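Source file: upload-v8.cif; contents: mmCIF, C-alpha atoms.
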```cif
data_model
loop_
_atom_site.label_atom_id
_atom_site.label_comp_id
_atom_site.auth_asym_id
_atom_site.auth_seq_id
_atom_site.Cartn_x
_atom_site.Cartn_y
_atom_site.Cartn_z
CA MET A 163 130.86 26.21 107.33
CA LYS A 164 127.63 28.06 106.61
CA PHE A 165 125.32 27.15 103.73
CA LEU A 166 122.73 29.36 102.08
CA THR A 167 119.29 27.85 101.63
CA GLY A 168 117.44 30.74 99.99
CA GLU A 169 115.24 31.20 103.05
CA MET A 170 115.39 34.77 104.34
CA GLU A 171 114.63 35.03 108.03
CA THR A 172 113.68 38.56 109.04
CA THR A 173 112.52 40.05 112.30
CA THR A 174 110.74 42.98 110.65
CA LYS A 175 107.15 42.96 109.42
CA GLU A 176 105.63 44.23 106.20
CA ILE A 177 102.23 45.93 105.98
CA ALA A 178 100.51 42.84 104.55
CA GLU A 179 101.86 40.69 107.38
CA ILE A 180 100.51 43.09 110.00
CA LEU A 181 97.11 43.25 108.31
CA ALA A 182 96.89 39.48 107.93
CA GLY A 183 98.47 38.45 111.21
CA GLY A 184 95.97 39.71 113.77
CA LEU A 185 98.76 41.57 115.54
CA ASP A 186 96.67 44.25 117.26
CA GLY A 187 98.25 44.80 120.69
CA GLU A 188 101.40 42.89 119.75
CA GLU A 189 104.95 44.26 119.53
CA VAL A 190 106.40 44.45 116.00
CA LYS A 191 109.49 45.75 114.31
CA VAL A 192 109.07 47.71 111.06
CA ASN A 193 111.61 49.45 108.83
CA GLY A 194 111.09 52.21 106.30
CA CYS A 195 111.94 55.73 105.27
CA ILE A 196 110.57 58.70 107.21
CA HIS A 197 108.16 60.20 104.72
CA LYS A 198 106.83 62.93 106.97
CA ILE A 199 106.99 64.11 110.59
CA ARG A 200 103.90 65.84 111.98
CA LYS A 201 104.51 67.44 115.38
CA MET A 202 101.48 67.71 117.65
CA GLY A 203 102.87 69.07 120.93
CA GLU A 204 104.23 66.25 123.07
CA VAL A 205 103.16 63.72 120.46
CA ALA A 206 104.36 63.41 116.87
CA PHE A 207 103.18 61.27 113.99
CA ILE A 208 106.05 59.70 112.07
CA ILE A 209 104.85 58.47 108.69
CA LEU A 210 107.01 55.71 107.24
CA ARG A 211 107.18 55.05 103.51
CA LYS A 212 107.42 51.41 102.58
CA ARG A 213 107.09 49.51 99.31
CA GLU A 214 103.46 48.66 100.05
CA GLY A 215 102.42 52.13 101.19
CA LEU A 216 102.51 54.30 104.31
CA VAL A 217 102.64 53.34 107.99
CA GLN A 218 101.70 55.75 110.76
CA ALA A 219 103.86 55.55 113.89
CA VAL A 220 103.16 57.52 117.09
CA TYR A 221 106.09 59.11 118.88
CA GLU A 222 105.70 60.29 122.48
CA GLU A 223 108.42 62.33 124.17
CA GLY A 224 110.21 60.21 126.73
CA ALA A 225 108.71 56.93 125.55
CA ALA A 226 111.34 56.27 122.89
CA ASN A 227 115.12 55.90 123.06
CA VAL A 228 115.86 58.87 120.75
CA THR A 229 114.73 62.48 120.73
CA LEU A 230 112.59 63.93 117.97
CA LYS A 231 115.44 66.28 117.03
CA GLU A 232 117.54 63.27 116.04
CA LEU A 233 114.99 62.27 113.40
CA ALA A 234 114.72 63.77 109.91
CA GLU A 235 112.50 63.22 106.91
CA GLU A 236 114.01 60.75 104.41
CA ALA A 237 116.05 59.04 107.14
CA ALA A 238 115.91 55.24 106.99
CA VAL A 239 114.85 53.82 110.35
CA GLU A 240 113.74 50.68 112.11
CA ILE A 241 111.02 51.16 114.71
CA THR A 242 109.78 48.82 117.40
CA GLY A 243 106.39 49.33 118.97
CA ILE A 244 102.88 48.11 119.68
CA VAL A 245 100.30 47.75 116.89
CA LYS A 246 97.02 49.55 117.53
CA SER A 247 93.94 49.67 115.31
CA GLU A 248 93.24 53.18 114.06
CA GLU A 249 90.71 53.75 111.27
CA ARG A 250 92.08 57.21 110.46
CA ALA A 251 95.61 55.91 109.87
CA PRO A 252 96.84 54.58 106.51
CA ASN A 253 95.89 50.89 106.23
CA GLY A 254 93.82 51.14 109.42
CA PHE A 255 96.54 50.75 112.06
CA GLU A 256 99.36 52.63 113.75
CA ILE A 257 102.42 51.67 115.77
CA ARG A 258 103.10 53.15 119.22
CA ILE A 259 106.87 53.60 119.24
CA HIS A 260 109.15 52.67 122.11
CA LYS A 261 112.39 52.11 120.21
CA ILE A 262 113.93 53.61 117.06
CA ARG A 263 117.12 52.51 115.33
CA ILE A 264 118.44 55.03 112.80
CA LEU A 265 119.84 53.20 109.77
CA SER A 266 120.90 56.24 107.75
CA ARG A 267 120.53 60.02 107.79
CA PRO A 268 120.15 62.42 104.84
CA SER A 269 123.02 64.89 104.45
CA ALA A 270 121.01 67.55 102.62
CA PRO A 271 117.39 68.80 102.59
CA MET A 272 115.09 67.61 99.83
CA PRO A 273 114.96 69.99 96.82
CA ILE A 274 111.29 69.10 96.19
CA ALA A 275 108.45 68.25 98.57
CA VAL A 276 107.91 64.56 97.84
CA ASN A 277 105.79 64.09 100.97
CA LYS A 278 102.98 66.32 99.64
CA TRP A 279 99.85 64.70 98.20
CA LYS A 280 100.52 66.58 94.98
CA MET A 281 103.88 68.09 94.18
CA ASN A 282 103.20 71.65 93.07
CA THR A 283 106.04 71.77 90.59
CA SER A 284 106.51 71.58 86.84
CA LEU A 285 107.05 68.38 84.91
CA GLU A 286 110.56 69.53 83.99
CA THR A 287 111.46 69.99 87.65
CA LYS A 288 110.05 66.57 88.49
CA LEU A 289 112.16 65.06 85.71
CA ASP A 290 115.30 66.96 86.75
CA PHE A 291 114.96 65.39 90.21
CA ARG A 292 113.42 62.15 88.95
CA PRO A 293 115.10 59.74 91.43
CA LEU A 294 113.63 61.87 94.23
CA SER A 295 110.25 62.84 92.75
CA LEU A 296 109.43 59.16 92.30
CA ARG A 297 109.40 58.84 96.10
CA ASN A 298 106.09 60.71 96.10
CA ILE A 299 103.46 58.03 96.63
CA ARG A 300 101.26 59.18 93.75
CA GLU A 301 104.20 59.38 91.35
CA ARG A 302 105.27 55.94 92.49
CA ALA A 303 101.77 54.56 92.01
CA LYS A 304 101.89 55.35 88.27
CA PHE A 305 104.70 52.89 87.81
CA ARG A 306 103.12 50.24 89.97
CA ILE A 307 100.18 50.36 87.56
CA GLN A 308 102.61 50.24 84.64
CA GLU A 309 104.11 47.15 86.22
CA GLY A 310 100.62 45.67 86.30
CA VAL A 311 100.19 46.30 82.56
CA THR A 312 103.49 44.58 81.76
CA ARG A 313 102.66 41.75 84.12
CA GLY A 314 99.27 41.31 82.45
CA PHE A 315 100.93 41.18 79.02
CA ARG A 316 103.36 38.48 80.11
CA GLU A 317 100.86 36.39 82.03
CA TYR A 318 98.17 36.48 79.36
CA LEU A 319 100.48 35.61 76.47
CA ARG A 320 102.21 32.82 78.38
CA GLY A 321 98.76 31.40 79.06
CA CYS A 322 98.14 31.49 75.28
CA GLY A 323 101.25 29.48 74.46
CA PHE A 324 103.69 32.31 73.71
CA THR A 325 107.43 32.10 74.44
CA GLU A 326 109.25 35.17 75.73
CA ILE A 327 112.33 36.12 73.69
CA HIS A 328 115.09 38.71 73.96
CA THR A 329 116.36 40.22 70.71
CA PRO A 330 119.39 42.44 69.96
CA LYS A 331 119.06 46.21 70.18
CA ILE A 332 122.16 46.87 68.08
CA GLY A 333 121.89 45.87 64.44
CA ALA A 334 123.19 46.45 60.95
CA ARG A 335 120.01 48.13 59.73
CA GLY A 336 116.54 49.15 60.89
CA ALA A 337 113.45 47.01 60.52
CA GLU A 338 111.44 49.84 59.02
CA GLY A 339 114.02 51.89 57.13
CA GLY A 340 113.66 55.65 56.90
CA ALA A 341 115.70 58.39 58.50
CA ASN A 342 114.60 57.90 62.10
CA LEU A 343 117.56 55.71 63.04
CA PHE A 344 120.15 56.29 65.73
CA ARG A 345 123.44 55.47 64.05
CA LEU A 346 126.58 54.48 65.91
CA GLU A 347 130.06 53.11 65.35
CA TYR A 348 130.38 49.44 66.25
CA PHE A 349 134.05 48.38 66.22
CA HIS A 350 134.75 50.41 63.05
CA ARG A 351 131.50 49.30 61.43
CA HIS A 352 128.24 51.20 61.01
CA ALA A 353 125.37 50.06 63.20
CA VAL A 354 121.96 51.30 64.33
CA LEU A 355 119.78 51.07 67.44
CA ALA A 356 116.68 48.95 66.92
CA GLN A 357 113.50 50.73 65.84
CA SER A 358 111.61 47.51 66.47
CA PRO A 359 112.24 43.79 67.07
CA GLN A 360 110.21 43.14 63.92
CA PHE A 361 112.69 41.07 61.88
CA TYR A 362 113.74 38.96 64.85
CA LYS A 363 110.26 38.20 66.15
CA GLN A 364 109.20 37.12 62.65
CA MET A 365 112.27 34.85 62.45
CA MET A 366 111.32 33.32 65.80
CA VAL A 367 107.79 32.51 64.63
CA GLY A 368 109.53 29.88 62.52
CA VAL A 369 110.99 28.46 65.74
CA PHE A 370 108.33 28.81 68.49
CA ASP A 371 105.15 29.70 66.52
CA ARG A 372 104.21 32.37 69.09
CA VAL A 373 106.67 34.80 70.67
CA PHE A 374 106.64 38.03 72.66
CA GLU A 375 109.09 40.58 74.01
CA VAL A 376 109.05 43.53 76.40
CA ALA A 377 111.99 45.76 75.53
CA PRO A 378 113.11 49.27 74.54
CA VAL A 379 112.98 50.57 70.98
CA PHE A 380 114.58 53.72 69.60
CA ARG A 381 113.33 56.37 67.17
CA ALA A 382 115.61 59.24 66.12
CA GLU A 383 112.77 61.61 65.37
CA LYS A 384 113.33 65.30 66.08
CA HIS A 385 109.96 65.80 67.66
CA ASN A 386 109.02 67.56 70.85
CA THR A 387 105.41 66.57 71.46
CA LYS A 388 103.44 65.25 74.42
CA ARG A 389 103.01 61.85 72.75
CA HIS A 390 106.51 61.01 71.49
CA LEU A 391 109.71 59.67 73.03
CA ASN A 392 113.03 58.77 71.45
CA GLU A 393 113.27 55.64 73.57
CA TYR A 394 110.19 53.82 74.74
CA THR A 395 109.17 50.36 75.90
CA SER A 396 107.38 48.24 73.33
CA LEU A 397 105.14 45.29 74.16
CA ASP A 398 105.58 43.12 71.06
CA PHE A 399 104.15 39.80 70.01
CA GLU A 400 104.13 37.77 66.82
CA MET A 401 101.96 34.69 66.21
CA GLY A 402 101.96 32.05 63.48
CA TYR A 403 99.27 29.96 61.84
CA ILE A 404 96.73 32.75 61.90
CA GLU A 405 93.50 32.51 59.90
CA SER A 406 93.16 36.27 59.56
CA PHE A 407 94.69 39.49 60.82
CA GLU A 408 91.62 39.66 63.05
CA ASP A 409 93.24 36.89 65.14
CA ILE A 410 95.83 39.45 66.23
CA MET A 411 93.19 41.98 67.23
CA GLN A 412 91.35 39.27 69.17
CA MET A 413 94.56 38.41 71.02
CA GLU A 414 95.11 42.06 71.95
CA THR A 415 91.51 42.37 73.11
CA GLY A 416 92.02 39.35 75.35
CA PHE A 417 95.21 40.88 76.76
CA LEU A 418 93.40 44.13 77.56
CA GLN A 419 90.52 42.31 79.23
CA TYR A 420 92.90 40.19 81.32
CA THR A 421 95.01 43.18 82.31
CA MET A 422 92.10 45.41 83.33
CA ALA A 423 90.78 42.58 85.52
CA LEU A 424 94.26 42.15 87.04
CA LEU A 425 94.54 45.87 87.81
CA GLU A 426 91.04 45.89 89.32
CA ARG A 427 91.87 42.89 91.48
CA GLU A 428 95.43 43.55 92.64
CA TYR A 429 96.17 47.25 92.14
CA GLN A 430 93.18 48.80 93.87
CA GLN A 431 95.34 50.87 96.21
CA GLU A 432 97.16 52.54 93.32
CA LEU A 433 93.97 53.04 91.29
CA LYS A 434 92.36 54.71 94.29
CA LEU A 435 95.40 56.91 94.96
CA LEU A 436 95.26 58.21 91.40
CA ASP A 437 91.45 58.21 91.11
CA VAL A 438 91.57 56.01 88.01
CA SER A 439 88.50 54.46 86.40
CA LEU A 440 89.49 51.59 84.13
CA PRO A 441 88.22 51.57 80.52
CA LYS A 442 85.71 49.16 79.02
CA THR A 443 87.22 46.23 77.14
CA ASP A 444 84.30 43.79 76.82
CA LYS A 445 83.72 44.68 73.15
CA ILE A 446 86.04 46.72 70.95
CA PRO A 447 84.66 47.92 67.59
CA GLN A 448 86.67 47.79 64.39
CA VAL A 449 86.28 50.09 61.40
CA ARG A 450 88.09 50.44 58.08
CA PHE A 451 90.56 53.30 57.81
CA ASP A 452 88.72 55.09 54.98
CA ARG A 453 85.35 54.64 56.67
CA ALA A 454 86.70 55.96 59.99
CA LYS A 455 87.95 59.13 58.32
CA GLN A 456 84.62 59.59 56.57
CA LEU A 457 82.57 59.14 59.76
CA ALA A 458 84.65 61.68 61.67
CA ALA A 459 84.61 64.15 58.79
CA GLU A 460 80.83 63.99 58.39
CA LYS A 461 79.91 64.19 62.06
CA TYR A 462 82.41 66.87 63.08
CA HIS A 463 82.48 68.83 59.80
CA ARG A 464 86.20 68.33 59.22
CA GLU A 465 87.75 68.20 55.77
CA ILE A 466 89.86 65.11 54.98
CA ARG A 467 93.28 66.56 54.19
CA ASN A 468 95.49 63.46 54.18
CA PRO A 469 93.90 60.36 52.60
CA TYR A 470 96.85 58.11 53.48
CA ASP A 471 97.29 58.56 57.22
CA LEU A 472 95.46 59.64 60.36
CA GLU A 473 96.31 63.06 61.72
CA PRO A 474 96.35 63.44 65.54
CA GLU A 475 93.12 65.45 65.41
CA GLU A 476 91.45 62.67 63.41
CA GLU A 477 92.50 60.08 66.00
CA VAL A 478 90.77 62.21 68.63
CA LEU A 479 87.61 62.65 66.54
CA ILE A 480 87.38 58.96 65.57
CA SER A 481 87.70 57.98 69.24
CA ARG A 482 85.12 60.60 70.17
CA TYR A 483 82.74 59.24 67.52
CA PHE A 484 82.90 55.68 68.85
CA LYS A 485 82.60 56.83 72.44
CA GLU A 486 79.48 58.87 71.63
CA GLU A 487 77.90 56.30 69.30
CA MET A 488 78.92 53.01 70.99
CA ASP A 489 80.30 53.98 74.42
CA ALA A 490 83.63 52.43 73.35
CA ASP A 491 86.93 53.49 74.91
CA PHE A 492 88.99 51.62 72.29
CA VAL A 493 88.56 51.27 68.52
CA PHE A 494 90.53 49.24 65.97
CA VAL A 495 91.10 51.14 62.73
CA THR A 496 91.90 48.59 60.00
CA HIS A 497 93.09 48.45 56.39
CA TYR A 498 95.68 51.23 56.42
CA PRO A 499 96.94 52.35 53.01
CA SER A 500 99.83 50.24 51.71
CA LYS A 501 102.04 53.26 51.00
CA LYS A 502 102.03 54.12 54.74
CA ARG A 503 102.90 50.61 55.93
CA PRO A 504 106.29 48.78 55.84
CA PHE A 505 107.16 46.49 52.94
CA TYR A 506 106.41 43.35 54.97
CA ALA A 507 102.74 44.29 55.55
CA MET A 508 100.31 41.98 53.75
CA ASP A 509 98.21 43.78 51.14
CA ALA A 510 94.46 43.19 51.15
CA PRO A 511 93.67 40.56 48.48
CA ASP A 512 90.68 42.52 47.18
CA ASP A 513 92.45 45.88 46.95
CA GLU A 514 96.25 46.14 47.09
CA LYS A 515 96.09 49.84 47.90
CA PHE A 516 95.22 48.77 51.46
CA THR A 517 96.83 46.38 53.94
CA LEU A 518 95.63 43.79 56.40
CA SER A 519 96.86 45.98 59.22
CA PHE A 520 95.44 48.09 62.02
CA ASP A 521 96.02 50.67 64.72
CA LEU A 522 94.32 50.57 68.09
CA LEU A 523 93.13 53.96 69.27
CA PHE A 524 92.54 54.52 72.97
CA GLN A 525 90.67 57.68 73.91
CA GLY A 526 92.10 59.66 71.02
CA LEU A 527 95.63 58.25 70.81
CA GLU A 528 97.21 55.45 68.78
CA ILE A 529 98.75 52.96 71.21
CA THR A 530 99.19 49.92 68.93
CA THR A 531 100.22 49.19 65.37
CA GLY A 532 99.93 45.66 64.00
CA GLY A 533 98.78 43.44 61.21
CA GLN A 534 99.38 40.39 59.05
CA ARG A 535 102.83 39.98 57.47
CA ILE A 536 103.82 38.64 54.06
CA HIS A 537 104.99 35.06 54.61
CA ASP A 538 105.65 34.02 50.99
CA TYR A 539 109.22 34.60 49.76
CA ALA A 540 108.28 35.45 46.16
CA MET A 541 105.63 37.91 47.30
CA LEU A 542 108.07 39.57 49.71
CA GLU A 543 110.73 39.81 47.02
CA GLU A 544 108.22 41.40 44.61
CA LYS A 545 107.17 43.94 47.24
CA LEU A 546 110.79 44.98 47.78
CA GLN A 547 111.26 45.46 44.04
CA GLN A 548 108.07 47.53 43.78
CA ARG A 549 109.43 49.88 46.44
CA GLY A 550 112.87 50.13 44.88
CA MET A 551 114.46 48.31 47.80
CA THR A 552 117.16 45.63 47.82
CA GLN A 553 117.84 42.74 50.16
CA GLU A 554 121.16 44.23 51.24
CA GLY A 555 121.46 43.97 55.01
CA MET A 556 118.34 41.78 55.18
CA GLU A 557 119.80 38.53 53.95
CA GLN A 558 119.24 36.70 57.25
CA TYR A 559 115.68 37.98 57.44
CA MET A 560 114.89 36.89 53.87
CA LEU A 561 116.52 33.52 54.48
CA VAL A 562 113.73 32.34 56.77
CA PHE A 563 111.11 32.93 54.07
CA LYS A 564 113.12 30.95 51.53
CA HIS A 565 112.79 27.97 53.81
CA GLY A 566 109.09 28.28 54.60
CA MET A 567 107.07 30.36 57.04
CA PRO A 568 103.46 30.01 58.23
CA PRO A 569 100.86 32.77 57.87
CA HIS A 570 101.62 35.11 60.73
CA GLY A 571 101.24 38.58 62.16
CA GLY A 572 101.77 40.62 65.26
CA LEU A 573 101.81 44.01 66.88
CA GLY A 574 103.67 46.48 69.05
CA ILE A 575 102.12 48.41 71.95
CA GLY A 576 103.66 51.58 73.39
CA LEU A 577 103.77 50.87 77.13
CA GLU A 578 104.22 54.49 78.21
CA ARG A 579 101.40 55.72 75.94
CA LEU A 580 99.02 53.03 77.18
CA THR A 581 99.85 53.93 80.79
CA MET A 582 99.42 57.63 80.05
CA LYS A 583 95.90 57.11 78.74
CA LEU A 584 94.96 54.71 81.54
CA LEU A 585 95.95 57.32 84.12
CA GLY A 586 94.44 60.30 82.30
CA GLU A 587 97.78 62.08 81.89
CA ASP A 588 98.35 64.40 78.94
CA ASN A 589 102.13 63.95 78.56
CA VAL A 590 103.87 60.63 77.96
CA ARG A 591 106.84 61.78 80.06
CA GLU A 592 104.59 61.60 83.14
CA THR A 593 104.47 57.83 82.71
CA THR A 594 108.11 57.27 81.72
CA LEU A 595 110.55 56.49 84.52
CA PHE A 596 113.53 58.28 82.97
CA PRO A 597 112.44 59.87 79.65
CA ARG A 598 114.72 60.20 76.66
CA ASP A 599 113.57 62.93 74.30
CA LEU A 600 115.08 65.58 72.06
CA GLY A 601 116.62 67.48 74.97
CA ARG A 602 116.97 64.99 77.82
CA LEU A 603 119.75 62.45 78.41
CA GLU A 604 119.75 62.69 82.21
CA PRO A 605 119.07 61.48 84.80
#
```
Let me see the structure of the file written as structure tokens.
Amino acid sequence: MKFLTGEMETTTKEIAEILAGGLDGEEVKVNGCIHKIRKMGEVAFIILRKREGLVQAVYEEGAANVTLKELAEEAAVEITGIVKSEERAPNGFEIRIHKIRILSRPSAPMPIAVNKWKMNTSLETKLDFRPLSLRNIRERAKFRIQEGVTRGFREYLRGCGFTEIHTPKIGARGAEGGANLFRLEYFHRHAVLAQSPQFYKQMMVGVFDRVFEVAPVFRAEKHNTKRHLNEYTSLDFEMGYIESFEDIMQMETGFLQYTMALLEREYQQELKLLDVSLPKTDKIPQVRFDRAKQLAAEKYHREIRNPYDLEPEEEVLISRYFKEEMDADFVFVTHYPSKKRPFYAMDAPDDEKFTLSFDLLFQGLEITTGGQRIHDYAMLEEKLQQRGMTQEGMEQYMLVFKHGMPPHGGLGIGLERLTMKLLGEDNVRETTLFPRDLGRLEP
């Protein structure tokens, strides 16, 4: 009888093992996908694509057990050969092949050139062939960096005493109301897809004090812009026993600082591939909503048309103002008007027309919305009445406030938007693995 111990014994080497092992002149076995074949007369360079990057292998006619004609780009292979230092090769070494084992062969040519440095094709074509276009090393690098952002979020919050939770994405009603809900039939009952984990994460503050979630949210908005998706990944947290809504902004600032340091330390290869310079996070200014609008209007001679919300152009101008005046890449805009915030947002005690809430702008784009929540049952009930709302469908949510809740608040960060701005892209679909928008349900 054979028992599994969890120890995986492999005969093949990864790039990091070769770099760390002092294997120059030694025989190794490496597997990967043939990314590109460059024929140079009697010699050919076979570039393997692996999870860590590219490996250059040297094929010489007659030295290997297969002919060059038997090899094809995108074939999965296992090569055996001698490691040789080579500064011009990816990662500073190459492998002189003497044996190749073909693991699989493609049955059709690639519809797009994924082995080019830049794929000269439209975004729509890249999305149509998304499972293939992601094999391009620069496309792939975007999502390695996105992984780093998510990893930073999890690691930082765990270090601050947060508990990760997983909340339902099918519910009886939305957390924010409105018409932007995807409605569906749920065993002969009406249901909706979650706009936000808001109600659930507030409930869980009463259990764990501090909670976070990384999960999809859904918005049934009929938009077709470069900044919107109908399904996106939200980085959410909620924290109890806060002194002020500024505690939430401080927590986000700490997350950003931790994550930029993590990317700088462990994702250098991807940052270099994409020529990314990370933003400054040492100090992030904050400015009141009304003051931000005034500053942008005065400096850039723009009339304030909507006193209750920020228009996309204003987000750009406010970010530009703080970059020019303070060299800041981020800016917190605080005290949004109450009429533009959900019913659970805490009004400012000195002026109930405004809320103890904020957006975080990053180089001209809102990537975060957050703030302090109402934690008193009577105050929450009064706010619902003021807005002509009832508790129908929110009984379980309201229940937790009947039985006591601490002062608390939280936020939601759009992962794809944050990645888009980090990488200098101008369309959020570039940083979404498989986008869902007004016209796209596949792949």
Can you list every residue of range 309-401 of chain A that has an atom at most 7 Å from range 570-581 of chain A, with its nearest atom pair and the distance in Å to one decimal, using only C-alpha atoms, ordered by chain then number, as a Markdown table?
```
| residue | atom | partner | partner_atom | distance |
| --- | --- | --- | --- | --- |
| A:Tyr394 | CA | A:Glu578 | CA | 6.9 |
| A:Thr395 | CA | A:Leu577 | CA | 5.6 |
| A:Ser396 | CA | A:Gly576 | CA | 5.0 |
| A:Leu397 | CA | A:Ile575 | CA | 4.9 |
| A:Asp398 | CA | A:Gly574 | CA | 4.4 |
| A:Phe399 | CA | A:Gly572 | CA | 5.4 |
| A:Glu400 | CA | A:Gly572 | CA | 4.0 |
| A:Met401 | CA | A:His570 | CA | 5.5 |
```
#### Entry: Resolved residues for the PyMOL selection byres ((chain A and resi 527) around 9) as a ChimeraX atom specification
/A:389,474,477-478,481,522-526,528-529,579-580,583
Keeping only C-alpha atoms, write the selected residues to a file as a compact mmCIF listing (two decimals), keeping the file's coordinate frame.
```txt
# COMPACT_ATOMS: atom_id res chain seq x y z
CA ARG A 389 103.01 61.85 72.75
CA PRO A 474 96.35 63.44 65.54
CA GLU A 477 92.50 60.08 66.00
CA VAL A 478 90.77 62.21 68.63
CA SER A 481 87.70 57.98 69.24
CA LEU A 522 94.32 50.57 68.09
CA LEU A 523 93.13 53.96 69.27
CA PHE A 524 92.54 54.52 72.97
CA GLN A 525 90.67 57.68 73.91
CA GLY A 526 92.10 59.66 71.02
CA GLU A 528 97.21 55.45 68.78
CA ILE A 529 98.75 52.96 71.21
CA ARG A 579 101.40 55.72 75.94
CA LEU A 580 99.02 53.03 77.18
CA LYS A 583 95.90 57.11 78.74
```
#### Entry: Counting all atoms listed in the file, the option among A:Leu285, A:Ile404, A:Met556, A:Val495 closest to Ala454 in chain A
A:Val495
### Query
In Å to one decimal, how far is CA of Thr325 in chain A from CA of Gln448 in chain A?
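The value is 27.9 Å.
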### Residue with smallest distance to Ile307 in chain A - pool A:Gln431, A:Ser358, A:Ser519, A:Asn386, counting only C-alpha atoms
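That would be A:Gln431, the residue with the smallest distance to Ile307 in chain A.
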### Message
I want to know what sits within 9 Å of Tyr506 in chain A, based on all atoms listed in the file, with residues of the same chain fewer than 5 positions away left out; could you give that as a PyMOL selection string?
### Response
chain A and resi 534-537+542+545-546
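Taking CA of Ser284 in chain A and CA of His385 in chain A as endpoints, the distance between them is 20.3 Å.
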### Task
Find the distance between CA of Gly555 in chain A and CA of Arg335 in chain A and write it in Å to one decimal.
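Between CA of Gly555 in chain A and CA of Arg335 in chain A the gap works out to 6.5 Å.
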### Message
Going by the chain IDs and residue numbers used in this file, which residues fall under the PyMOL selection byres ((chain A and resi 175) around 8)? Write them as a ChimeraX atom specification.
### Response
/A:172-174,176-177,179-180,190-193
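Run against this file, the PyMOL selection byres ((chain A and resi 208-217) around 8) gives back A:Glu176, A:Ile177, A:Ala178, A:Asn193, A:Gly194, A:Cys195, A:Ile196, A:His197, A:Lys198, A:Ile199, A:Arg200, A:Ala206, A:Phe207, A:Gln218, A:Ala219, A:Val220, A:Tyr221, A:Ala251, A:Pro252, A:Asn253, A:Phe255, A:Glu256, A:Ile257, A:Ile299.
Distances to Lys280 in chain A were evaluated for A:Asp186, A:Glu301, A:Asp409, A:Asp491 using all atoms listed in the file, and the minimum falls at A:Glu301.
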### Task
Please provide as an MDAnalysis selection string all residues within 12 Å of Ala270 in chain A, with the sequence filter that same-chain residues fewer than 5 positions apart are discarded (counting only C-alpha atoms).
chainID A and resid 234:237
Please dump the current selection as an mmCIF file, keeping the file's coordinate frame; keep C-alpha atoms.
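Heads up, here's the output in selection03.cif:
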```
data_model
loop_
_atom_site.group_PDB
_atom_site.id
_atom_site.type_symbol
_atom_site.label_atom_id
_atom_site.label_comp_id
_atom_site.auth_asym_id
_atom_site.auth_seq_id
_atom_site.Cartn_x
_atom_site.Cartn_y
_atom_site.Cartn_z
ATOM 1 C CA ALA A 234 114.720 63.770 109.910
ATOM 2 C CA GLU A 235 112.500 63.220 106.910
ATOM 3 C CA GLU A 236 114.010 60.750 104.410
ATOM 4 C CA ALA A 237 116.050 59.040 107.140
#
```
